[in-house]
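So this one's start.cif, mmCIF, C-alpha atoms and all ligand atoms:
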```cif
data_query
#
loop_
_atom_site.label_atom_id
_atom_site.label_comp_id
_atom_site.auth_asym_id
_atom_site.auth_seq_id
_atom_site.Cartn_x
_atom_site.Cartn_y
_atom_site.Cartn_z
CA MET A 801 122.83 137.21 115.06
CA VAL A 802 122.59 133.48 114.35
CA ARG A 803 120.85 131.29 116.92
CA ILE A 804 121.32 127.54 116.95
CA ALA A 805 119.49 125.19 119.31
CA LEU A 806 121.51 122.20 120.52
CA ILE A 807 119.53 119.07 121.36
CA PRO A 808 122.09 116.61 122.77
CA GLY A 809 119.43 113.91 123.24
CA ASP A 810 120.24 110.32 124.26
CA GLY A 811 123.10 107.82 124.43
CA ILE A 812 126.22 109.17 122.77
CA GLY A 813 124.30 112.27 121.64
CA PRO A 814 125.48 114.52 124.50
CA GLU A 815 129.10 113.37 124.05
CA VAL A 816 129.27 114.12 120.32
CA VAL A 817 127.27 117.36 120.61
CA ARG A 818 129.75 118.64 123.22
CA ALA A 819 132.54 118.15 120.69
CA ALA A 820 130.48 119.80 117.95
CA LYS A 821 129.80 122.74 120.26
CA ASP A 822 133.53 123.27 120.92
CA VAL A 823 134.19 123.35 117.18
CA MET A 824 131.24 125.60 116.42
CA ARG A 825 132.26 128.16 119.03
CA VAL A 826 135.76 128.39 117.61
CA ALA A 827 134.46 128.61 114.02
CA ALA A 828 132.23 131.51 115.07
CA GLU A 829 135.06 133.27 116.88
CA LYS A 830 137.42 132.87 113.95
CA HIS A 831 134.93 134.17 111.39
CA GLY A 832 133.48 136.94 113.52
CA LEU A 833 130.01 135.39 113.69
CA ASP A 834 127.59 136.54 116.32
CA LEU A 835 126.48 133.04 117.30
CA THR A 836 124.24 131.95 120.16
CA LEU A 837 124.16 128.27 121.12
CA ASP A 838 121.49 127.13 123.55
CA ASP A 839 121.17 123.64 125.02
CA TRP A 840 117.71 122.10 124.96
CA ASP A 841 116.63 119.46 127.43
CA LEU A 842 114.75 117.09 125.13
CA GLY A 843 115.11 113.33 124.97
CA ALA A 844 114.64 110.19 127.05
CA ASP A 845 115.71 111.71 130.40
CA ARG A 846 113.18 114.51 130.10
CA TYR A 847 110.46 112.11 128.97
CA LEU A 848 111.11 109.74 131.87
CA ARG A 849 111.24 112.69 134.29
CA ASP A 850 108.07 114.58 133.36
CA GLY A 851 106.44 112.79 130.40
CA THR A 852 107.30 115.55 127.91
CA THR A 853 108.35 114.54 124.42
CA LEU A 854 107.93 117.79 122.46
CA SER A 855 105.42 120.28 123.80
CA PRO A 856 103.72 122.66 121.36
CA GLU A 857 105.43 125.57 123.19
CA ASP A 858 108.89 124.01 122.79
CA ARG A 859 108.19 123.24 119.15
CA ASP A 860 107.03 126.80 118.43
CA ARG A 861 110.05 128.32 120.16
CA LEU A 862 112.54 125.98 118.51
CA VAL A 863 111.29 126.73 115.02
CA GLY A 864 110.33 130.35 115.67
CA ASP A 865 113.30 131.64 117.68
CA TYR A 866 116.19 129.69 116.16
CA ASP A 867 117.74 129.62 112.71
CA ALA A 868 118.52 125.91 112.95
CA ALA A 869 118.99 123.03 115.38
CA LEU A 870 121.71 120.43 115.89
CA LEU A 871 120.53 117.13 117.32
CA GLY A 872 122.88 114.49 118.77
CA ALA A 873 120.76 111.32 118.73
CA LEU A 874 117.47 110.01 120.08
CA GLY A 875 116.82 106.47 121.23
CA ASP A 876 117.04 104.89 124.67
CA PRO A 877 116.50 101.29 125.81
CA ARG A 878 114.54 102.59 128.83
CA VAL A 879 111.84 103.83 126.45
CA PRO A 880 110.85 100.58 124.70
CA ASP A 881 108.98 102.06 121.73
CA ASN A 882 111.10 105.24 121.64
CA VAL A 883 107.93 107.29 121.55
CA HIS A 884 109.91 110.40 122.52
CA ALA A 885 112.20 110.05 119.49
CA ARG A 886 109.27 109.73 117.11
CA ASP A 887 107.42 112.67 118.67
CA ILE A 888 110.43 114.97 118.59
CA LEU A 889 111.76 114.11 115.15
CA LEU A 890 108.46 113.70 113.34
CA GLY A 891 106.95 116.63 115.21
CA LEU A 892 109.67 118.98 114.03
CA ARG A 893 109.82 117.49 110.54
CA LEU A 894 106.10 117.92 109.96
CA PHE A 895 105.67 121.24 111.75
CA ALA A 896 108.55 122.92 109.91
CA ASP A 897 107.86 120.94 106.71
CA LEU A 898 111.47 119.76 106.45
CA TYR A 899 111.03 118.17 103.05
CA VAL A 900 114.67 117.77 102.09
CA ASN A 901 116.73 115.05 103.69
CA TYR A 902 120.21 116.17 102.68
CA ARG A 903 122.99 113.60 102.92
CA PRO A 904 126.45 114.39 101.57
CA CYS A 905 128.70 111.35 101.13
CA LYS A 906 132.23 112.51 100.38
CA LEU A 907 135.28 110.29 100.52
CA LEU A 908 137.58 112.32 102.77
CA VAL A 909 139.98 109.47 103.52
CA PRO A 910 140.19 106.69 100.91
CA ALA A 911 141.63 104.25 103.48
CA LEU A 912 138.32 104.34 105.38
CA SER A 913 136.35 102.98 102.44
CA PRO A 914 135.65 99.23 102.32
CA LEU A 915 136.07 99.38 98.53
CA ARG A 916 139.27 97.95 97.05
CA ASN A 917 140.29 100.95 94.95
CA PRO A 918 138.08 103.84 96.00
CA ASP A 919 138.20 106.88 93.77
CA PRO A 920 139.25 109.90 95.88
CA ALA A 921 136.90 112.00 93.73
CA THR A 922 133.83 110.26 95.20
CA ASP A 923 131.53 113.05 96.36
CA ILE A 924 127.78 112.41 96.21
CA VAL A 925 124.98 114.48 97.63
CA PHE A 926 121.63 112.80 98.25
CA PHE A 927 118.34 114.68 98.16
CA ARG A 928 115.94 112.25 99.79
CA GLU A 929 112.27 113.24 99.87
CA ASN A 930 111.49 113.53 103.58
CA THR A 931 107.72 113.84 104.00
CA GLU A 932 105.96 111.43 101.62
CA GLY A 933 106.41 108.10 99.84
CA LEU A 934 106.08 104.84 101.72
CA TYR A 935 106.89 106.61 104.97
CA ALA A 936 103.65 108.62 104.98
CA GLY A 937 102.02 106.06 107.26
CA MET A 938 99.12 105.34 104.92
CA GLY A 939 97.67 101.87 104.85
CA GLY A 940 96.32 99.41 107.33
CA SER A 941 96.39 95.99 108.84
CA PHE A 942 93.33 93.79 108.59
CA LYS A 943 92.47 90.49 110.26
CA THR A 944 95.66 91.10 112.19
CA GLY A 945 97.10 88.05 113.91
CA THR A 946 95.07 85.57 111.87
CA ALA A 947 96.00 83.37 108.94
CA ASP A 948 94.05 85.80 106.73
CA GLU A 949 96.04 88.86 107.80
CA ILE A 950 96.41 91.60 105.22
CA ALA A 951 99.00 94.40 105.59
CA ILE A 952 98.98 97.36 103.21
CA GLU A 953 101.46 100.26 103.00
CA GLU A 954 100.69 102.91 100.44
CA SER A 955 103.22 105.16 98.75
CA LEU A 956 102.08 108.77 98.75
CA ASN A 957 103.49 110.99 96.00
CA THR A 958 102.14 114.45 95.32
CA TYR A 959 103.08 116.72 92.44
CA LYS A 960 103.95 119.43 94.94
CA GLY A 961 106.10 117.10 97.02
CA VAL A 962 108.00 115.71 94.04
CA GLU A 963 108.44 119.10 92.38
CA ARG A 964 109.99 120.76 95.40
CA ILE A 965 112.54 118.03 96.16
CA VAL A 966 113.55 117.76 92.49
CA ARG A 967 113.89 121.54 92.30
CA ALA A 968 116.00 121.60 95.47
CA ALA A 969 118.36 119.03 93.91
CA PHE A 970 118.82 121.01 90.68
CA GLU A 971 119.25 124.29 92.53
CA HIS A 972 121.90 122.71 94.71
CA ALA A 973 123.71 121.34 91.65
CA LEU A 974 123.69 124.78 90.06
CA ALA A 975 124.82 126.57 93.22
CA THR A 976 127.70 124.15 93.86
CA GLY A 977 128.98 123.83 90.30
CA ARG A 978 127.93 120.22 89.84
CA THR A 979 127.07 119.14 86.33
CA SER A 980 124.60 116.27 86.73
CA VAL A 981 121.55 115.18 88.70
CA THR A 982 120.48 111.53 88.84
CA LEU A 983 116.93 110.46 89.58
CA VAL A 984 116.58 107.05 91.22
CA ASP A 985 113.26 105.19 91.05
CA LYS A 986 111.70 101.88 90.06
CA ALA A 987 109.56 103.28 87.25
CA ASN A 988 109.56 99.99 85.33
CA VAL A 989 107.48 98.36 88.09
CA LEU A 990 106.11 101.20 90.24
CA ALA A 991 104.63 102.87 87.19
CA TYR A 992 102.28 105.41 88.79
CA GLU A 993 104.77 107.07 91.09
CA GLY A 994 107.56 106.51 88.58
CA GLY A 995 105.57 108.31 85.91
CA LEU A 996 105.07 111.33 88.13
CA TRP A 997 108.70 111.50 89.25
CA ARG A 998 110.06 111.11 85.69
CA ARG A 999 107.72 113.75 84.25
CA VAL A 1000 108.54 116.27 86.96
CA PHE A 1001 112.26 115.48 86.69
CA ALA A 1002 112.21 116.29 82.97
CA GLU A 1003 110.04 119.36 83.47
CA VAL A 1004 112.09 120.93 86.27
CA GLY A 1005 115.38 119.77 84.76
CA SER A 1006 114.61 121.60 81.51
CA GLU A 1007 114.91 124.84 83.48
CA PHE A 1008 118.56 123.95 84.18
CA PRO A 1009 120.03 123.48 80.69
CA GLY A 1010 123.64 123.24 81.89
CA ILE A 1011 122.97 120.25 84.11
CA ASP A 1012 122.82 116.68 82.74
CA ARG A 1013 119.88 114.48 83.72
CA ASN A 1014 120.13 110.72 84.28
CA ALA A 1015 117.48 108.33 85.54
CA MET A 1016 118.42 105.01 87.14
CA TYR A 1017 116.44 102.11 88.52
CA VAL A 1018 117.17 101.59 92.19
CA ASP A 1019 118.51 98.05 91.78
CA ALA A 1020 120.99 99.14 89.10
CA MET A 1021 121.94 102.13 91.24
CA ALA A 1022 122.74 99.93 94.24
CA MET A 1023 125.19 97.98 92.08
CA ASP A 1024 126.68 101.06 90.47
CA LEU A 1025 127.23 102.83 93.77
CA VAL A 1026 129.55 100.01 94.75
CA ARG A 1027 131.12 99.71 91.30
CA ARG A 1028 131.77 103.36 90.39
CA PRO A 1029 130.38 105.80 92.95
CA GLN A 1030 132.53 108.59 91.55
CA ARG A 1031 130.10 108.87 88.60
CA TYR A 1032 127.38 110.43 90.73
CA GLU A 1033 127.17 114.02 91.92
CA VAL A 1034 123.61 114.85 93.01
CA VAL A 1035 121.04 112.08 93.52
CA VAL A 1036 117.34 112.81 94.02
CA THR A 1037 114.98 110.07 95.12
CA SER A 1038 112.04 109.00 97.23
CA ASN A 1039 111.97 108.56 100.99
CA LEU A 1040 112.50 104.77 100.96
CA PHE A 1041 115.14 104.56 98.25
CA GLY A 1042 116.98 107.55 99.71
CA ASP A 1043 117.05 105.95 103.15
CA ILE A 1044 118.67 102.79 101.83
CA LEU A 1045 121.01 104.20 99.18
CA SER A 1046 122.37 106.99 101.36
CA ASP A 1047 123.35 104.43 104.01
CA LEU A 1048 125.11 102.42 101.33
CA ALA A 1049 126.93 105.52 100.10
CA ALA A 1050 127.79 106.54 103.69
CA GLN A 1051 129.48 103.18 104.22
CA ILE A 1052 131.40 103.44 100.97
CA THR A 1053 132.74 106.84 102.01
CA GLY A 1054 133.85 105.94 105.53
CA GLY A 1055 131.00 104.65 107.66
CA LEU A 1056 128.48 105.70 110.26
CA GLY A 1057 130.84 107.61 112.53
CA LEU A 1058 131.48 110.17 109.80
CA ALA A 1059 128.13 110.74 108.09
CA PRO A 1060 126.12 113.94 108.70
CA SER A 1061 122.60 114.76 107.52
CA GLY A 1062 120.22 117.69 107.36
CA ASN A 1063 116.43 117.85 107.50
CA ILE A 1064 115.87 121.06 105.63
CA ASN A 1065 113.14 123.38 104.51
CA PRO A 1066 115.13 125.54 102.07
CA GLN A 1067 112.73 128.42 102.67
CA SER A 1068 112.98 128.43 106.46
CA TRP A 1069 114.30 126.10 109.15
CA ALA A 1070 116.64 123.11 109.35
CA LEU A 1071 117.60 120.36 111.76
CA PHE A 1072 121.02 118.74 111.41
CA GLU A 1073 121.86 115.34 112.91
CA PRO A 1074 124.49 112.63 112.54
CA VAL A 1075 123.28 109.62 110.58
CA HIS A 1076 124.28 107.32 113.44
CA GLY A 1077 121.90 106.63 116.31
CA SER A 1078 122.32 106.85 120.06
CA ALA A 1079 124.63 103.78 120.15
CA PRO A 1080 123.64 102.62 123.65
CA ASP A 1081 126.39 99.98 123.55
CA ILE A 1082 129.13 102.62 123.77
CA ALA A 1083 127.27 105.48 125.50
CA GLY A 1084 129.10 106.99 128.46
CA LYS A 1085 132.41 105.37 127.58
CA GLY A 1086 133.84 108.49 125.95
CA ILE A 1087 134.78 106.65 122.76
CA ALA A 1088 132.05 107.78 120.33
CA ASN A 1089 133.37 109.25 117.12
CA PRO A 1090 132.41 112.95 117.09
CA VAL A 1091 133.17 113.51 113.39
CA ALA A 1092 129.59 113.07 112.12
CA ALA A 1093 128.39 115.66 114.64
CA VAL A 1094 131.22 118.03 113.72
CA ALA A 1095 130.39 117.50 110.04
CA CYS A 1096 126.84 118.61 110.95
CA VAL A 1097 128.36 121.88 112.15
CA SER A 1098 129.83 122.33 108.69
CA LEU A 1099 126.45 121.59 107.08
CA ALA A 1100 124.68 124.03 109.40
CA LEU A 1101 127.19 126.81 108.76
CA GLY A 1102 126.99 126.22 105.00
CA HIS A 1103 123.21 126.20 105.11
CA LEU A 1104 123.22 129.51 106.94
CA GLY A 1105 125.42 131.05 104.24
CA MET A 1106 128.71 130.87 106.15
CA GLU A 1107 130.60 128.96 103.49
CA GLU A 1108 134.09 129.91 104.61
CA ALA A 1109 133.47 128.82 108.16
CA ALA A 1110 132.00 125.55 106.85
CA ALA A 1111 135.05 124.89 104.69
CA ASP A 1112 137.29 125.51 107.70
CA VAL A 1113 135.40 122.92 109.72
CA ASP A 1114 135.81 120.41 106.87
CA ASP A 1115 139.54 121.16 106.88
CA CYS A 1116 139.87 120.49 110.59
CA ILE A 1117 138.07 117.14 110.18
CA ARG A 1118 140.41 116.17 107.34
CA ALA A 1119 143.42 117.25 109.42
CA SER A 1120 142.32 115.03 112.31
CA PHE A 1121 142.44 112.03 109.96
CA GLU A 1122 145.77 113.04 108.48
CA GLU A 1123 147.31 113.46 111.93
CA GLY A 1124 145.73 110.23 113.19
CA VAL A 1125 143.70 111.88 115.96
CA THR A 1126 140.76 109.50 115.74
CA THR A 1127 138.54 107.49 118.06
CA PRO A 1128 138.87 103.69 118.45
CA ASP A 1129 136.26 102.88 115.76
CA LEU A 1130 138.77 104.25 113.24
CA GLY A 1131 141.74 102.59 114.90
CA GLY A 1132 142.85 105.61 116.95
CA THR A 1133 143.17 106.10 120.70
CA ALA A 1134 141.56 109.52 121.16
CA THR A 1135 138.50 109.94 123.34
CA THR A 1136 135.47 111.80 122.02
CA ARG A 1137 136.48 114.84 124.07
CA GLU A 1138 140.11 114.73 122.92
CA ALA A 1139 139.15 114.42 119.25
CA GLY A 1140 136.69 117.31 119.58
CA ARG A 1141 139.18 119.52 121.41
CA TRP A 1142 141.89 118.69 118.87
CA MET A 1143 139.66 119.77 115.97
CA ALA A 1144 138.68 122.98 117.78
CA ALA A 1145 142.31 123.77 118.55
CA ARG A 1146 143.29 123.07 114.96
CA LEU A 1147 140.65 125.49 113.78
CA LEU A 1148 141.94 128.16 116.13
CA ASP A 1149 145.57 127.57 115.04
CA ALA A 1150 144.58 128.00 111.44
CA ALA A 1151 143.08 131.35 112.43
CA THR A 1152 146.24 132.71 113.94
CA GLY A 1153 148.84 130.80 111.93
P1 LIG B 1 119.58 103.67 117.28
O1 LIG B 1 118.46 102.73 117.52
O2 LIG B 1 119.52 104.90 118.15
O3 LIG B 1 119.79 104.00 115.83
P2 LIG B 1 121.64 101.64 117.19
O4 LIG B 1 122.65 101.17 118.19
O5 LIG B 1 120.68 100.67 116.64
O6 LIG B 1 120.89 102.93 117.79
P3 LIG B 1 123.55 103.18 115.94
O7 LIG B 1 123.50 104.04 117.12
O8 LIG B 1 123.58 103.85 114.64
O9 LIG B 1 122.37 102.20 115.92
O10 LIG B 1 124.82 102.21 116.10
C1 LIG B 1 125.14 101.12 115.27
C2 LIG B 1 126.54 100.62 115.62
O11 LIG B 1 127.51 101.59 115.23
C3 LIG B 1 126.72 100.40 117.13
O12 LIG B 1 127.54 99.27 117.37
C4 LIG B 1 127.44 101.64 117.58
O13 LIG B 1 128.26 101.44 118.69
C5 LIG B 1 128.25 102.07 116.35
N1 LIG B 1 128.32 103.53 116.28
C6 LIG B 1 127.32 104.37 115.95
N2 LIG B 1 127.70 105.64 116.02
C7 LIG B 1 129.00 105.64 116.38
C8 LIG B 1 129.95 106.66 116.62
N3 LIG B 1 129.66 107.96 116.51
N4 LIG B 1 131.18 106.29 117.00
C9 LIG B 1 131.52 104.99 117.12
N5 LIG B 1 130.67 103.97 116.91
C10 LIG B 1 129.41 104.28 116.54
#
```
Translate this structure into structure tokens?
Amino acid sequence: MVRIALIPGDGIGPEVVRAAKDVMRVAAEKHGLDLTLDDWDLGADRYLRDGTTLSPEDRDRLVGDYDAALLGALGDPRVPDNVHARDILLGLRLFADLYVNYRPCKLLVPALSPLRNPDPATDIVFFRENTEGLYAGMGGSFKTGTADEIAIEESLNTYKGVERIVRAAFEHALATGRTSVTLVDKANVLAYEGGLWRRVFAEVGSEFPGIDRNAMYVDAMAMDLVRRPQRYEVVVTSNLFGDILSDLAAQITGGLGLAPSGNINPQSWALFEPVHGSAPDIAGKGIANPVAAVACVSLALGHLGMEEAAADVDDCIRASFEEGVTTPDLGGTATTREAGRWMAARLLDAATG
């Protein structure tokens, strides 16, 4: 039996997760999967109600009793510093050591790209290091608020941390038939961390003789992603560069409403979430695009070894574009619910047709 925890969360989260749930149920039915989906009451409402962000008991049960989780979005204007979002996301990321931030950017519909002549073959997978780098929270602020203020952020890079994300990228390339992995860094200026990343990249890469290795500086990569994104297959990089470049690639391949992501520990647990946030400006209006959340269903199924079911979900997303069943952000007239139901029905039709 496969158990997935659903955390609808805040803003448009509950709306897009409902659509994802419809699709996931049908995918399970069609492929004979014994799937349990449980809703979890975590997010701003819970925090404002009883002060709970993520209790140790909830955290233990989520990671211990479930194979994976699907999160809608966290972030609510009623919680000014969004302390609940930080506690929940960081709490799970650190507790389950979710060191891979996995972000596929595939051009499903060329017309959705802002590029003039997008190559339909554009299909990049980002492996962003998810626990270290400049996001480790190391540093300090001194003489704060004075003219002598000093602010320091330190970039943490460990051999273990670099080795495991680089290895995950090569293993993914091998498993999915991709022929190259690109390392992105700024080794010409950030020499200490660059030296470590480049050495480990060569060392681990030598274990995968069939896979080409390229290294790019982040500034050149930003230009090349716009110029010829189809050149790249698997990209491995640090927390900061991965954050920025994967947003750039997501926009090139269709925008925020479509982009899914996974926070993954390849040895154990994973949390999937759309790249978009809680979008308070459109929450409750029924117009949020559910595709990113549905694409998370595909990632989750693939991660759990259910490749055929995952491919079916991708097909139903593609069909919704081809048939023009899209939400207003993509020029359509469907509501979130209608788009979700259409994809679920399409999946079911494909089962019986
Ligand atoms: P957060 O702080 O939670 O990230 P945000 O509003 O700053 O929230 P997003 O939620 O990512 O950032 O939204 C950015 C813009 O994109 C908003 O105008 C929002 O309405 C739009 N947007 C985001 N997700 C979707 C979606 N699924 N469908 C349609 N529009 C979306």
Point (124.1, 111.1, 114.8) neighbourhood (9 Å, only C-alpha atoms) written as a VMD selection string: chain A and resid 812 to 813 816 871 to 874 1056 to 1061 1072 to 1078 1090 1092 to 1093 1096
Top pick for closest residue to ligand LIG 1 (chain B), considering A:Gly945, A:Gly811, A:Gly1124, A:Pro1029 and counting all atoms listed in the file: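 Among the listed residues, the smallest separation from ligand LIG 1 (chain B) belongs to A:Gly811.
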If I wrap all listed atoms of stretch 1117-1127 of chain A in a box with edges along x, y and z and add 6 Å on each side, what are its centre and edge lengths in Å to one decimal, as lines of an AutoDock Vina configuration file?
```
center_x = 142.7
center_y = 112.4
center_z = 112.7
size_x = 21.2
size_y = 21.8
size_z = 22.7
```
All residues 9 Å or closer to A:Val1026, only C-alpha atoms, same chain fewer than 6 positions away omitted, as a ChimeraX atom specification: /A:915,1048-1049,1052
Nearby residues (all atoms listed in the file) at most 8 Å from stretch 829-845 of chain A, same-chain spacing under 5 positions excluded, as a list of chain:residue names: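 My reading of the contact set: A:Met801, A:Val802, A:Arg803, A:Ile804, A:Ala805, A:Leu806, A:Ile807, A:Pro808, A:Gly809, A:Asp810, A:Lys821, A:Thr853, A:Leu854, A:Leu874, A:Gly875, A:Asp876, A:Arg878, A:Val879, A:His884, A:Ala885, A:Ala1109, A:Leu1148, A:Ala1151.
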Polymer residues at most 10 Å from A:Leu1101, only C-alpha atoms, same-chain spacing of 4 or more positions, as a ChimeraX atom specification: /A:802,824,827-828,868,1095-1097,1105-1111,1113
Please produce a file of the residues just selected, as a PDB file, in the coordinates of the input, where the atoms kept are C-alpha atoms.
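And here's result26.pdb as it stands now:
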```pdb
ATOM      1  CA  VAL A 802     122.590 133.480 114.350  1.00  0.00           C
ATOM      2  CA  MET A 824     131.240 125.600 116.420  1.00  0.00           C
ATOM      3  CA  ALA A 827     134.460 128.610 114.020  1.00  0.00           C
ATOM      4  CA  ALA A 828     132.230 131.510 115.070  1.00  0.00           C
ATOM      5  CA  ALA A 868     118.520 125.910 112.950  1.00  0.00           C
ATOM      6  CA  ALA A1095     130.390 117.500 110.040  1.00  0.00           C
ATOM      7  CA  CYS A1096     126.840 118.610 110.950  1.00  0.00           C
ATOM      8  CA  VAL A1097     128.360 121.880 112.150  1.00  0.00           C
ATOM      9  CA  GLY A1105     125.420 131.050 104.240  1.00  0.00           C
ATOM     10  CA  MET A1106     128.710 130.870 106.150  1.00  0.00           C
ATOM     11  CA  GLU A1107     130.600 128.960 103.490  1.00  0.00           C
ATOM     12  CA  GLU A1108     134.090 129.910 104.610  1.00  0.00           C
ATOM     13  CA  ALA A1109     133.470 128.820 108.160  1.00  0.00           C
ATOM     14  CA  ALA A1110     132.000 125.550 106.850  1.00  0.00           C
ATOM     15  CA  ALA A1111     135.050 124.890 104.690  1.00  0.00           C
ATOM     16  CA  VAL A1113     135.400 122.920 109.720  1.00  0.00           C
TER      17      VAL A1113
END
```
Interatomic distance (Å, one decimal) between atom CA of A:Phe927 and atom CA of A:Asn901: 5.8 Å
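Closest approach to ligand LIG 1 (chain B) among A:Ala1083, A:Leu907, A:Met1143, A:Ala1020: A:Ala1083, based on only C-alpha atoms and all ligand atoms.
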Selected residue, from A:Ala1139, A:Val823, A:Val817, A:Val966, that lies nearest to A:Asp1112 when counting all atoms listed in the file: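 The shortest atom-to-atom distance to A:Asp1112 comes from A:Val823.
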A:Asp860 environment, 12 Å, all atoms listed in the file, sequence neighbours closer than 2 positions dropped, as a ChimeraX atom specification: /A:854-858,862-866,891-892,895-896,1069
Which of A:Pro1128, A:Pro1009, A:Gly939, A:Pro910 sits closest to ligand LIG 1 (chain B) [using only C-alpha atoms and all ligand atoms]: A:Pro1128
Of the listed residues A:Asp919, A:Asp1081, A:Glu953, A:Asp1043, that which approaches ligand LIG 1 (chain B) most closely, counting all atoms listed in the file: A:Asp1081
Between atom CA of A:Asp822 and atom CA of A:Lys1085 - distance in Å to one decimal: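 Answer for the atom CA of A:Lys1085 to atom CA of A:Asp822 separation: 19.1 Å.
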Length of the atom CA of A:Glu1138 to atom CA of A:Ile1087 vector [Å]: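 We find that atom CA of A:Glu1138 and atom CA of A:Ile1087 lie 9.7 Å from each other.
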Spatial neighbours of A:Val1018, max dist 7 Å, all atoms listed in the file, sep filter under 3 positions, as a PyMOL selection string: chain A and resi 984-986+1021-1022
Those same residues, written as a PDB file, in the frame of the given file with C-alpha atoms?
```pdb
ATOM      1  CA  VAL A 984     116.580 107.050  91.220  1.00  0.00           C
ATOM      2  CA  ASP A 985     113.260 105.190  91.050  1.00  0.00           C
ATOM      3  CA  LYS A 986     111.700 101.880  90.060  1.00  0.00           C
ATOM      4  CA  MET A1021     121.940 102.130  91.240  1.00  0.00           C
ATOM      5  CA  ALA A1022     122.740  99.930  94.240  1.00  0.00           C
TER       6      ALA A1022
END
```
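Of the listed residues A:Val1094, A:Ala968, A:Ala936, A:Leu1040, the one whose atoms come nearest to ligand LIG 1 (chain B) is A:Val1094, with distances taken using only C-alpha atoms and all ligand atoms.
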Emit stretch 981-985 of chain A of the structure in the block as a file comprising all heavy atoms, as a CSV table (one decimal), in the first residue's frame.
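Everything below was put into decode_25.csv:
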```csv
chain,number,residue,atom,x,y,z
A,981,VAL,N,25.4,15.8,-17.9
A,981,VAL,CA,25.1,16.5,-16.7
A,981,VAL,C,26.0,17.7,-16.7
A,981,VAL,O,27.2,17.7,-17.0
A,981,VAL,CB,25.5,15.6,-15.4
A,981,VAL,CG1,25.2,16.5,-14.2
A,981,VAL,CG2,24.6,14.4,-15.4
A,982,THR,N,25.3,18.9,-16.4
A,982,THR,CA,26.1,20.1,-16.4
A,982,THR,C,26.1,20.7,-14.9
A,982,THR,O,25.1,20.8,-14.2
A,982,THR,CB,25.3,21.2,-17.2
A,982,THR,OG1,25.2,20.7,-18.6
A,982,THR,CG2,26.0,22.5,-17.2
A,983,LEU,N,27.3,21.0,-14.5
A,983,LEU,CA,27.5,21.6,-13.2
A,983,LEU,C,27.5,23.1,-13.4
A,983,LEU,O,28.2,23.6,-14.3
A,983,LEU,CB,28.9,21.2,-12.6
A,983,LEU,CG,29.4,21.9,-11.4
A,983,LEU,CD1,28.6,21.6,-10.2
A,983,LEU,CD2,30.9,21.6,-11.1
A,984,VAL,N,26.8,23.8,-12.6
A,984,VAL,CA,26.8,25.3,-12.6
A,984,VAL,C,27.4,25.8,-11.3
A,984,VAL,O,26.9,25.5,-10.2
A,984,VAL,CB,25.4,25.9,-12.9
A,984,VAL,CG1,25.4,27.4,-12.9
A,984,VAL,CG2,24.8,25.3,-14.2
A,985,ASP,N,28.4,26.7,-11.5
A,985,ASP,CA,29.0,27.3,-10.3
A,985,ASP,C,29.6,28.7,-10.6
A,985,ASP,O,29.3,29.2,-11.7
A,985,ASP,CB,30.1,26.4,-9.7
A,985,ASP,CG,31.2,26.2,-10.7
A,985,ASP,OD1,31.4,26.9,-11.7
A,985,ASP,OD2,32.0,25.2,-10.6
```
